[in-house]
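One file, final.cif, carrying mmCIF, C-alpha atoms (C1' of nucleotides) and all ligand atoms:
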data_model
loop_
_atom_site.label_atom_id
_atom_site.label_comp_id
_atom_site.auth_asym_id
_atom_site.auth_seq_id
_atom_site.Cartn_x
_atom_site.Cartn_y
_atom_site.Cartn_z
CA MET Y 132 11.51 88.60 -54.54
CA THR Y 133 11.06 85.78 -52.05
CA ALA Y 134 11.28 86.59 -48.36
CA VAL Y 135 11.52 84.31 -45.36
CA LEU Y 136 9.57 85.05 -42.20
CA HIS Y 137 10.26 83.58 -38.79
CA VAL Y 138 7.25 83.53 -36.48
CA ASP Y 139 7.93 83.10 -32.78
CA VAL Y 140 5.22 83.14 -30.11
CA ASP Y 141 6.11 85.41 -27.20
CA GLU Y 142 6.81 83.62 -23.88
CA PHE Y 143 4.83 80.73 -25.35
CA VAL Y 144 4.64 78.26 -22.47
CA ALA Y 145 3.97 80.95 -19.86
CA ALA Y 146 1.44 82.66 -22.13
CA VAL Y 147 -0.52 79.42 -22.55
CA GLU Y 148 -0.68 79.04 -18.78
CA VAL Y 149 -1.82 82.63 -18.24
CA LEU Y 150 -4.48 82.22 -20.94
CA ARG Y 151 -6.17 79.47 -18.96
CA ARG Y 152 -5.61 81.18 -15.62
CA PRO Y 153 -6.51 84.81 -16.32
CA GLU Y 154 -6.01 85.70 -12.65
CA LEU Y 155 -2.25 85.28 -13.25
CA LYS Y 156 -2.14 88.09 -15.79
CA GLY Y 157 0.37 90.74 -14.75
CA LYS Y 158 2.02 88.51 -12.13
CA PRO Y 159 5.45 86.91 -12.45
CA VAL Y 160 4.87 83.35 -13.67
CA VAL Y 161 7.46 80.58 -13.88
CA VAL Y 162 6.85 77.25 -15.64
CA GLY Y 163 9.32 74.47 -14.99
CA GLY Y 164 9.83 70.94 -13.66
CA ARG Y 165 6.98 69.83 -11.47
CA GLY Y 166 6.31 73.40 -10.41
CA ASP Y 167 7.84 72.84 -6.98
CA PRO Y 168 10.80 75.14 -6.34
CA SER Y 169 11.89 73.02 -3.39
CA LYS Y 170 12.61 70.16 -5.79
CA ARG Y 171 15.08 69.64 -8.62
CA GLY Y 172 14.13 71.38 -11.84
CA VAL Y 173 14.82 74.41 -14.00
CA ILE Y 174 12.74 77.12 -15.64
CA SER Y 175 11.25 76.22 -19.00
CA THR Y 176 9.78 79.67 -19.53
CA ALA Y 177 9.45 82.73 -17.33
CA ASN Y 178 7.00 85.41 -18.41
CA TYR Y 179 8.14 88.99 -18.95
CA GLU Y 180 7.08 90.04 -15.44
CA ALA Y 181 9.29 87.30 -13.98
CA ARG Y 182 12.18 88.16 -16.29
CA ARG Y 183 12.30 91.61 -14.68
CA TYR Y 184 13.59 89.82 -11.57
CA GLY Y 185 16.41 88.27 -13.59
CA LEU Y 186 14.65 84.95 -14.08
CA HIS Y 187 15.25 83.11 -17.36
CA SER Y 188 15.05 79.71 -19.05
CA GLY Y 189 17.44 77.15 -17.62
CA MET Y 190 17.69 78.77 -14.19
CA PRO Y 191 17.21 76.32 -11.29
CA LEU Y 192 13.76 76.70 -9.71
CA ARG Y 193 15.39 77.04 -6.28
CA THR Y 194 17.32 80.07 -7.51
CA ALA Y 195 14.21 81.52 -9.08
CA LEU Y 196 12.35 81.28 -5.79
CA ARG Y 197 15.11 83.12 -3.99
CA LYS Y 198 15.26 85.89 -6.58
CA CYS Y 199 11.50 86.25 -6.86
CA PRO Y 200 9.63 84.79 -3.88
CA GLY Y 201 6.35 86.23 -5.16
CA ALA Y 202 6.44 84.30 -8.44
CA VAL Y 203 3.78 81.73 -9.26
CA PHE Y 204 5.41 78.35 -10.02
CA LEU Y 205 3.63 75.97 -12.38
CA PRO Y 206 4.49 72.44 -13.55
CA VAL Y 207 5.27 71.73 -17.20
CA ASP Y 208 2.13 70.49 -18.97
CA ARG Y 209 3.33 69.28 -22.34
CA GLU Y 210 -0.07 68.21 -23.58
CA ALA Y 211 -1.43 71.69 -23.09
CA TYR Y 212 1.44 73.22 -25.07
CA GLU Y 213 1.18 70.65 -27.83
CA HIS Y 214 -2.50 71.46 -28.11
CA ALA Y 215 -1.88 75.20 -28.19
CA SER Y 216 0.89 74.61 -30.72
CA ARG Y 217 -1.49 72.81 -33.06
CA ASP Y 218 -3.91 75.75 -32.76
CA VAL Y 219 -1.19 78.25 -33.70
CA MET Y 220 0.10 76.21 -36.63
CA GLU Y 221 -3.43 75.77 -37.94
CA VAL Y 222 -3.85 79.54 -38.00
CA LEU Y 223 -0.58 79.93 -39.89
CA ARG Y 224 -1.43 77.19 -42.36
CA ALA Y 225 -4.69 78.96 -43.18
CA ILE Y 226 -2.57 81.90 -44.31
CA THR Y 227 0.15 80.00 -46.17
CA ASP Y 228 1.13 76.48 -47.19
CA ALA Y 229 4.81 77.37 -47.36
CA LEU Y 230 5.24 76.72 -43.67
CA GLU Y 231 8.00 74.92 -41.80
CA VAL Y 232 7.10 74.17 -38.19
CA TRP Y 233 10.05 74.59 -35.82
CA GLY Y 234 9.26 73.26 -32.38
CA TRP Y 235 6.11 74.13 -30.46
CA ASP Y 236 5.96 77.83 -31.07
CA GLU Y 237 8.11 78.74 -34.05
CA ALA Y 238 7.66 78.51 -37.79
CA PHE Y 239 9.36 79.66 -40.97
CA VAL Y 240 7.21 81.03 -43.77
CA GLU Y 241 8.21 81.74 -47.34
CA THR Y 242 6.37 84.45 -49.24
CA ASN Y 243 6.48 86.36 -52.49
CA ASP Y 244 4.10 89.00 -51.15
CA GLN Y 245 5.10 92.07 -49.18
CA PRO Y 246 6.65 90.49 -46.09
CA GLU Y 247 5.55 93.21 -43.66
CA VAL Y 248 1.96 92.81 -44.82
CA VAL Y 249 2.10 89.05 -44.35
CA ALA Y 250 3.73 89.52 -40.95
CA ARG Y 251 0.96 91.80 -39.74
CA ALA Y 252 -1.67 89.40 -41.07
CA ILE Y 253 -0.06 86.56 -39.15
CA GLN Y 254 0.15 88.56 -35.93
CA SER Y 255 -3.48 89.61 -35.96
CA ALA Y 256 -4.74 86.15 -36.98
CA VAL Y 257 -2.76 84.42 -34.22
CA SER Y 258 -3.87 87.01 -31.68
CA ASN Y 259 -7.54 86.89 -32.67
CA LYS Y 260 -7.81 83.12 -32.90
CA THR Y 261 -5.60 82.02 -30.00
CA GLY Y 262 -5.08 85.05 -27.77
CA LEU Y 263 -1.30 84.65 -28.10
CA SER Y 264 1.06 87.35 -29.29
CA CYS Y 265 3.93 86.64 -31.62
CA SER Y 266 6.95 88.35 -33.10
CA VAL Y 267 7.99 88.10 -36.73
CA GLY Y 268 11.44 88.36 -38.22
CA ILE Y 269 11.93 89.05 -41.93
CA GLY Y 270 15.02 87.99 -43.86
CA ASP Y 271 16.35 86.74 -47.18
CA ASN Y 272 16.91 83.37 -45.53
CA LYS Y 273 16.05 81.39 -42.42
CA LEU Y 274 19.14 82.46 -40.48
CA GLN Y 275 18.43 86.16 -40.96
CA ALA Y 276 14.72 85.74 -40.23
CA LYS Y 277 15.41 83.75 -37.06
CA ILE Y 278 17.77 86.36 -35.66
CA ALA Y 279 15.41 89.14 -36.71
CA SER Y 280 12.51 87.69 -34.72
CA GLY Y 281 14.65 87.99 -31.60
CA PHE Y 282 14.97 91.72 -32.27
CA ALA Y 283 11.23 91.95 -32.93
CA LYS Y 284 10.23 90.75 -29.46
CA PRO Y 285 7.80 91.31 -28.00
CA ALA Y 286 4.96 91.50 -30.49
CA GLY Y 287 7.00 93.35 -33.12
CA ILE Y 288 8.26 92.97 -36.67
CA TYR Y 289 11.91 93.36 -37.65
CA ARG Y 290 13.66 93.19 -41.01
CA LEU Y 291 17.18 91.82 -41.31
CA THR Y 292 18.26 91.12 -44.88
CA ALA Y 293 21.66 91.08 -46.56
CA ARG Y 294 21.38 94.85 -46.88
CA GLU Y 295 21.06 95.41 -43.13
CA TRP Y 296 23.29 92.56 -42.01
CA PRO Y 297 26.72 94.27 -41.78
CA GLU Y 298 25.31 97.35 -40.07
CA VAL Y 299 23.09 95.49 -37.60
CA MET Y 300 25.19 92.38 -36.92
CA GLY Y 301 28.80 93.31 -37.68
CA GLY Y 302 29.57 94.79 -34.28
CA ARG Y 303 27.74 92.15 -32.24
CA ARG Y 304 29.32 89.24 -30.39
CA THR Y 305 29.45 85.94 -32.26
CA GLU Y 306 27.30 84.33 -29.57
CA GLU Y 307 24.31 86.30 -30.84
CA LEU Y 308 24.33 84.13 -33.95
CA TRP Y 309 21.95 81.20 -34.15
CA GLY Y 310 24.12 78.12 -33.63
CA ILE Y 311 26.98 79.69 -31.70
CA GLY Y 312 26.75 79.16 -27.96
CA ARG Y 313 29.04 79.91 -25.04
CA LYS Y 314 31.63 77.23 -25.83
CA SER Y 315 32.07 78.10 -29.48
CA ALA Y 316 32.10 81.83 -28.77
CA ARG Y 317 34.91 81.29 -26.29
CA LYS Y 318 36.84 79.09 -28.69
CA LEU Y 319 36.46 81.71 -31.42
CA SER Y 320 37.60 84.38 -29.01
CA GLU Y 321 40.80 82.42 -28.41
CA LEU Y 322 41.39 82.67 -32.16
CA GLY Y 323 40.95 86.44 -31.92
CA ILE Y 324 37.42 86.39 -33.29
CA ASP Y 325 34.94 88.23 -31.08
CA LYS Y 326 32.64 90.08 -33.43
CA VAL Y 327 30.39 88.89 -36.22
CA SER Y 328 32.31 91.04 -38.73
CA GLU Y 329 35.54 89.30 -37.72
CA LEU Y 330 33.92 85.89 -38.18
CA ALA Y 331 32.67 86.95 -41.61
CA ALA Y 332 36.24 87.80 -42.61
CA ALA Y 333 37.83 84.72 -41.03
CA ASP Y 334 39.73 82.05 -42.93
CA GLU Y 335 37.71 78.85 -43.39
CA GLU Y 336 40.80 76.64 -43.35
CA ARG Y 337 41.92 78.08 -40.06
CA LEU Y 338 38.51 77.54 -38.47
CA SER Y 339 38.35 74.02 -39.89
CA LEU Y 340 41.55 73.15 -38.07
CA SER Y 341 39.89 74.07 -34.76
CA PHE Y 342 36.27 73.14 -35.42
CA GLY Y 343 36.31 70.38 -38.03
CA PRO Y 344 35.88 70.20 -41.79
CA ARG Y 345 32.18 71.00 -41.97
CA THR Y 346 31.87 73.36 -39.05
CA GLY Y 347 34.65 75.72 -40.21
CA PRO Y 348 32.96 76.81 -43.46
CA TRP Y 349 29.56 76.86 -41.78
CA LEU Y 350 30.82 79.30 -39.13
CA VAL Y 351 32.09 81.76 -41.73
CA ALA Y 352 28.75 81.56 -43.55
CA LEU Y 353 26.99 82.32 -40.25
CA GLY Y 354 29.12 85.42 -39.83
CA ARG Y 355 28.09 86.60 -43.28
CA GLY Y 356 24.40 85.89 -42.76
CA VAL Y 357 24.50 83.24 -45.48
CA ASP Y 358 22.18 80.25 -45.21
CA HIS Y 359 21.19 78.14 -48.20
CA SER Y 360 18.77 75.84 -46.37
CA ARG Y 361 15.25 75.98 -47.77
CA VAL Y 362 11.93 76.43 -46.04
CA SER Y 363 10.46 72.93 -46.20
CA SER Y 364 6.81 72.19 -45.50
CA VAL Y 365 7.46 68.44 -45.58
CA PRO Y 366 7.09 67.21 -42.00
CA ARG Y 367 10.32 65.63 -40.82
CA ARG Y 368 10.34 62.13 -39.37
CA ALA Y 369 11.96 61.94 -35.96
CA ARG Y 370 15.36 60.23 -36.00
CA SER Y 371 15.25 59.33 -32.35
CA ARG Y 372 13.06 59.36 -29.29
CA SER Y 373 14.19 59.51 -25.69
CA LEU Y 374 13.10 59.60 -22.08
CA GLU Y 375 15.11 60.73 -19.10
CA LEU Y 376 14.51 61.36 -15.43
CA THR Y 377 16.36 63.28 -12.77
CA PHE Y 378 15.68 61.72 -9.40
CA ASP Y 379 14.55 63.93 -6.54
CA GLU Y 380 17.43 62.47 -4.57
CA ASP Y 381 20.52 60.68 -5.82
CA VAL Y 382 20.06 56.92 -6.14
CA GLU Y 383 22.62 54.37 -4.96
CA ASP Y 384 20.62 51.19 -5.50
CA PRO Y 385 21.42 49.67 -8.94
CA HIS Y 386 18.05 47.90 -8.93
CA VAL Y 387 16.27 51.23 -8.96
CA ILE Y 388 18.36 52.24 -11.96
CA SER Y 389 17.74 49.06 -13.92
CA ALA Y 390 14.01 49.14 -13.12
CA GLU Y 391 13.85 52.67 -14.51
CA VAL Y 392 15.80 51.72 -17.65
CA THR Y 393 13.43 48.80 -18.20
CA ARG Y 394 10.38 51.01 -17.73
CA MET Y 395 11.64 53.69 -20.11
CA THR Y 396 12.78 51.19 -22.73
CA SER Y 397 9.42 49.42 -22.65
CA ARG Y 398 7.61 52.68 -23.28
CA LEU Y 399 9.94 53.54 -26.15
CA ALA Y 400 9.58 50.04 -27.62
CA GLU Y 401 5.80 50.39 -27.44
CA HIS Y 402 6.09 53.58 -29.46
CA SER Y 403 8.41 51.88 -31.94
CA MET Y 404 5.85 49.12 -32.43
CA SER Y 405 2.75 51.33 -32.63
CA SER Y 406 4.37 53.81 -35.02
CA ASP Y 407 6.17 51.06 -36.98
CA ARG Y 408 9.56 52.71 -36.60
CA PRO Y 409 12.24 50.01 -36.22
CA VAL Y 410 14.92 50.75 -33.66
CA SER Y 411 18.52 50.47 -34.82
CA SER Y 412 20.30 51.26 -31.55
CA VAL Y 413 19.65 51.99 -27.89
CA THR Y 414 21.61 54.49 -25.79
CA VAL Y 415 21.57 54.43 -22.00
CA LYS Y 416 22.58 57.64 -20.24
CA ILE Y 417 23.70 57.93 -16.65
CA ARG Y 418 24.47 61.18 -14.90
CA PHE Y 419 26.41 60.64 -11.70
CA ALA Y 420 25.98 62.84 -8.65
CA PRO Y 421 28.87 65.20 -9.51
CA PHE Y 422 27.03 65.97 -12.77
CA VAL Y 423 29.29 63.79 -14.88
CA THR Y 424 27.32 62.28 -17.75
CA ARG Y 425 28.20 59.03 -19.53
CA THR Y 426 26.47 57.16 -22.35
CA ARG Y 427 26.63 53.58 -23.60
CA ILE Y 428 25.19 52.69 -26.96
CA ARG Y 429 24.27 49.25 -28.24
CA ARG Y 430 23.42 48.57 -31.86
CA LEU Y 431 20.81 45.92 -32.51
CA PRO Y 432 21.88 43.02 -34.79
CA GLU Y 433 19.22 44.38 -37.16
CA PRO Y 434 16.59 47.12 -36.77
CA SER Y 435 13.60 45.84 -34.82
CA ILE Y 436 10.22 46.88 -33.40
CA GLU Y 437 10.19 43.91 -30.99
CA VAL Y 438 10.25 44.80 -27.32
CA GLU Y 439 12.48 41.80 -26.50
CA ALA Y 440 15.25 42.83 -28.90
CA ILE Y 441 15.12 46.48 -27.85
CA LEU Y 442 15.13 45.61 -24.16
CA GLU Y 443 18.03 43.22 -24.67
CA ALA Y 444 20.11 46.00 -26.21
CA ALA Y 445 19.25 48.37 -23.35
CA ILE Y 446 20.29 45.79 -20.77
CA VAL Y 447 23.60 45.17 -22.51
CA ALA Y 448 24.26 48.92 -22.66
CA LEU Y 449 23.37 49.39 -19.01
CA GLY Y 450 25.56 46.44 -18.07
CA ARG Y 451 28.61 48.31 -19.32
CA PHE Y 452 28.28 50.86 -16.51
CA GLU Y 453 29.89 50.56 -13.12
CA LEU Y 454 27.00 51.61 -10.91
CA ASP Y 455 29.05 52.00 -7.77
CA ARG Y 456 28.41 55.72 -7.33
CA PRO Y 457 25.31 57.81 -6.61
CA VAL Y 458 23.26 58.52 -9.74
CA ARG Y 459 21.15 61.63 -10.28
CA LEU Y 460 19.77 60.95 -13.78
CA VAL Y 461 18.98 57.99 -15.96
CA GLY Y 462 17.87 58.13 -19.58
CA VAL Y 463 17.18 55.92 -22.57
CA LYS Y 464 17.24 56.91 -26.24
CA VAL Y 465 16.31 54.84 -29.26
CA ASP Y 466 17.55 55.67 -32.74
CA PHE Y 467 15.35 54.66 -35.65
CA GLY Y 468 16.93 52.70 -38.47
"C1'" DT U 283 21.53 78.15 -5.56
"C1'" DC U 284 23.46 73.11 -7.92
"C1'" DT U 285 22.69 72.43 -12.89
"C1'" DG U 286 15.15 69.59 -16.84
"C1'" DG U 287 13.70 67.09 -20.77
"C1'" DG U 288 13.48 66.28 -25.71
"C1'" DG U 289 15.65 66.73 -29.80
"C1'" DT U 290 19.51 67.50 -34.00
"C1'" DC U 291 24.01 67.42 -36.00
"C1'" DC U 292 29.12 67.06 -35.91
"C1'" DT U 293 33.76 65.14 -34.56
"C1'" DA U 294 37.08 61.74 -33.72
"C1'" DG U 295 39.33 57.31 -32.98
"C1'" DG U 296 39.72 52.43 -33.72
"C1'" DA U 297 38.25 48.25 -36.24
"C1'" DC U 298 38.00 46.30 -40.48
"C1'" DC U 299 38.32 45.97 -45.42
"C1'" DC U 300 40.22 46.94 -50.01
"C1'" DT W 100 57.73 42.51 -43.71
"C1'" DC W 101 56.75 47.25 -43.89
"C1'" DT W 102 54.34 51.32 -45.52
"C1'" DG W 103 50.29 53.98 -47.02
"C1'" DG W 104 45.79 55.60 -48.20
"C1'" DG W 105 40.77 55.61 -48.28
"C1'" DG W 106 36.07 54.24 -47.01
"C1'" DT W 107 32.59 52.57 -43.73
"C1'" DC W 108 30.84 51.06 -39.31
"C1'" DC W 109 30.62 51.49 -34.38
"C1'" DT W 110 31.09 53.96 -30.19
"C1'" DA W 111 31.56 58.08 -27.09
"C1'" DG W 112 31.30 62.67 -26.41
"C1'" DG W 113 30.20 67.55 -27.30
"C1'" DA W 114 27.67 71.61 -28.72
"C1'" DC W 115 23.56 73.71 -29.56
"C1'" DC W 116 18.53 74.69 -29.75
"C1'" DC W 117 13.72 75.15 -27.70
MG MG Y 501 8.91 81.66 -28.44
#
Would you kindly transcribe this structure into structure tokens?
Ligand SMILES: [Mg+2]
Amino acid sequence: MTAVLHVDVDEFVAAVEVLRRPELKGKPVVVGGRGDPSKRGVISTANYEARRYGLHSGMPLRTALRKCPGAVFLPVDREAYEHASRDVMEVLRAITDALEVWGWDEAFVETNDQPEVVARAIQSAVSNKTGLSCSVGIGDNKLQAKIASGFAKPAGIYRLTAREWPEVMGGRRTEELWGIGRKSARKLSELGIDKVSELAAADEERLSLSFGPRTGPWLVALGRGVDHSRVSSVPRRARSRSLELTFDEDVEDPHVISAEVTRMTSRLAEHSMSSDRPVSSVTVKIRFAPFVTRTRIRRLPEPSIEVEAILEAAIVALGRFELDRPVRLVGVKVDFG
DNA sequence: TCTGGGGTCCTAGGACCC
DNA sequence: TCTGGGGTCCTAGGACCC
């Protein structure tokens, strides 16, 4: 019988930082933004010590400082996490080829062996070779395994298969499902659906009327713990690449905005050229001071890796904004054709 | 106490064509 | 001249995840 495992490194980003700064062990550590809680930014990861103060991912750094003045604040260092991620995945790949990497610190594994045995082997290999601890969820499919790893934290193993699903999940709120967030949970609640068991018994047609033709059936499947997607070890090609920047202070000068769009687009075009991924469209994103976000997309006449054509599209897209209000964020995204 | 950055997928409306 | 249906492309926005 095939089982799916979901491996998730515990407090990954914070753990990587503590590994290279052992003196931080046992202290509340917050990684986010540029590591300066007097500036704009949110928490990427808080370690377990910091979470005891109510700190969590997505919380503004300013708030975190107020709630936990003794915390150590560190800037995000993506290269370090990408490096650590490669180390972890290498350890996993030495154990199994049936591995689907999911972000920096997560992976799905398919196995025909005893899943608990494989899980323990993974945990000790990752710990011995990288010094990081991880949790492992076991399921019949990716959805079950992913939710199970949440229950396994920290450093544990948890089994959630079709057999356990109704008992373990039935009475929980729909928001605990992977793919249902605050907005969808609220919308479901307005339809009288609060618990996973109620979602499992819901009428697809009725949900489709509210959520759309594909999302309706998918939601009911979620409620039942059904997921037919396979574990795929084929690396996926990115469909888009983007850059965005929140200014330290709101910007009123349109020249500053257009200079930033040009800079970002040039970098993205360089990547398009060097990786030979033609760009099919460019999206410019502006977030105005009251946190209202607008996008303008411009399709290229034909997909291109040429900086001139990509820049041209970005300038056209930007030109469709009225930049007569303070701006807090600017971003550029390219879609590959 | 104002709310990051990098991604994926879905929905919906209008244009346009058959 | 009006009605109607379906398919695809383009654009804008939304929700979610790490
Ligand atoms: Mg993790």
Note to self: Which residues are near ligand MG 501 (chain Y) - at most 9 Å, using only C-alpha atoms (C1' of nucleotides) and all ligand atoms? Format: as an NGL selection string.
What the structure shows: (:Y and (138-144 or 235-237 or 265-266)) or (:W and (117))
Check: Would you list which chain W residues are within 9 Å of chain Y using only C-alpha atoms (C1' of nucleotides), as a PyMOL selection string?
Finding: chain W and resi 109-112+114-117
Selection file, C-alpha atoms (C1' of nucleotides), as a PDB file, in the frame of the given file:
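Result file follows (part.pdb):
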ATOM      1  C1'  DC W 109      30.620  51.490 -34.380  1.00  0.00           C
ATOM      2  C1'  DT W 110      31.090  53.960 -30.190  1.00  0.00           C
ATOM      3  C1'  DA W 111      31.560  58.080 -27.090  1.00  0.00           C
ATOM      4  C1'  DG W 112      31.300  62.670 -26.410  1.00  0.00           C
ATOM      5  C1'  DA W 114      27.670  71.610 -28.720  1.00  0.00           C
ATOM      6  C1'  DC W 115      23.560  73.710 -29.560  1.00  0.00           C
ATOM      7  C1'  DC W 116      18.530  74.690 -29.750  1.00  0.00           C
ATOM      8  C1'  DC W 117      13.720  75.150 -27.700  1.00  0.00           C
TER       9       DC W 117
END
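A straight line drawn from CA of Asn272 in chain Y to CA of Asp218 in chain Y is 25.6 Å long.
Relative to CA of Ala250 in chain Y, CA of Gly270 in chain Y is found at 11.8 Å.
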Notebook entry, point to check: Please, which residues are within 12 Å of (37.5, 91.9, -36.9) by the file's coordinates, counting only C-alpha atoms (C1' of nucleotides), and could they come as a ChimeraX atom specification?
Noted result: /Y:301-305,319-320,322-334,354
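As for CA of Arg294 in chain Y and CA of Leu274 in chain Y, they are spaced 14.1 Å apart.
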Per-axis box centre and lengths in Å around range 100-112 of chain W, 8 Å margin per side, axis-aligned, as JSON:
{"center_x": 44.2, "center_y": 52.6, "center_z": -37.3, "size_x": 43.1, "size_y": 36.2, "size_z": 37.9}
If we count only C-alpha atoms (C1' of nucleotides) and set the cut-off at 9 Å, which residues sit around DG288 in chain U, ignoring sequence neighbours fewer than 5 positions away in its own chain? Please answer as an mmCIF file with C-alpha atoms, keeping the file's coordinate frame.
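Contents of the output file result.cif:
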data_model
loop_
_atom_site.group_PDB
_atom_site.id
_atom_site.type_symbol
_atom_site.label_atom_id
_atom_site.label_comp_id
_atom_site.auth_asym_id
_atom_site.auth_seq_id
_atom_site.Cartn_x
_atom_site.Cartn_y
_atom_site.Cartn_z
ATOM 1 C CA ARG Y 372 13.060 59.360 -29.290
ATOM 2 C CA SER Y 373 14.190 59.510 -25.690
ATOM 3 C CA LEU Y 374 13.100 59.600 -22.080
ATOM 4 C CA GLU Y 375 15.110 60.730 -19.100
#
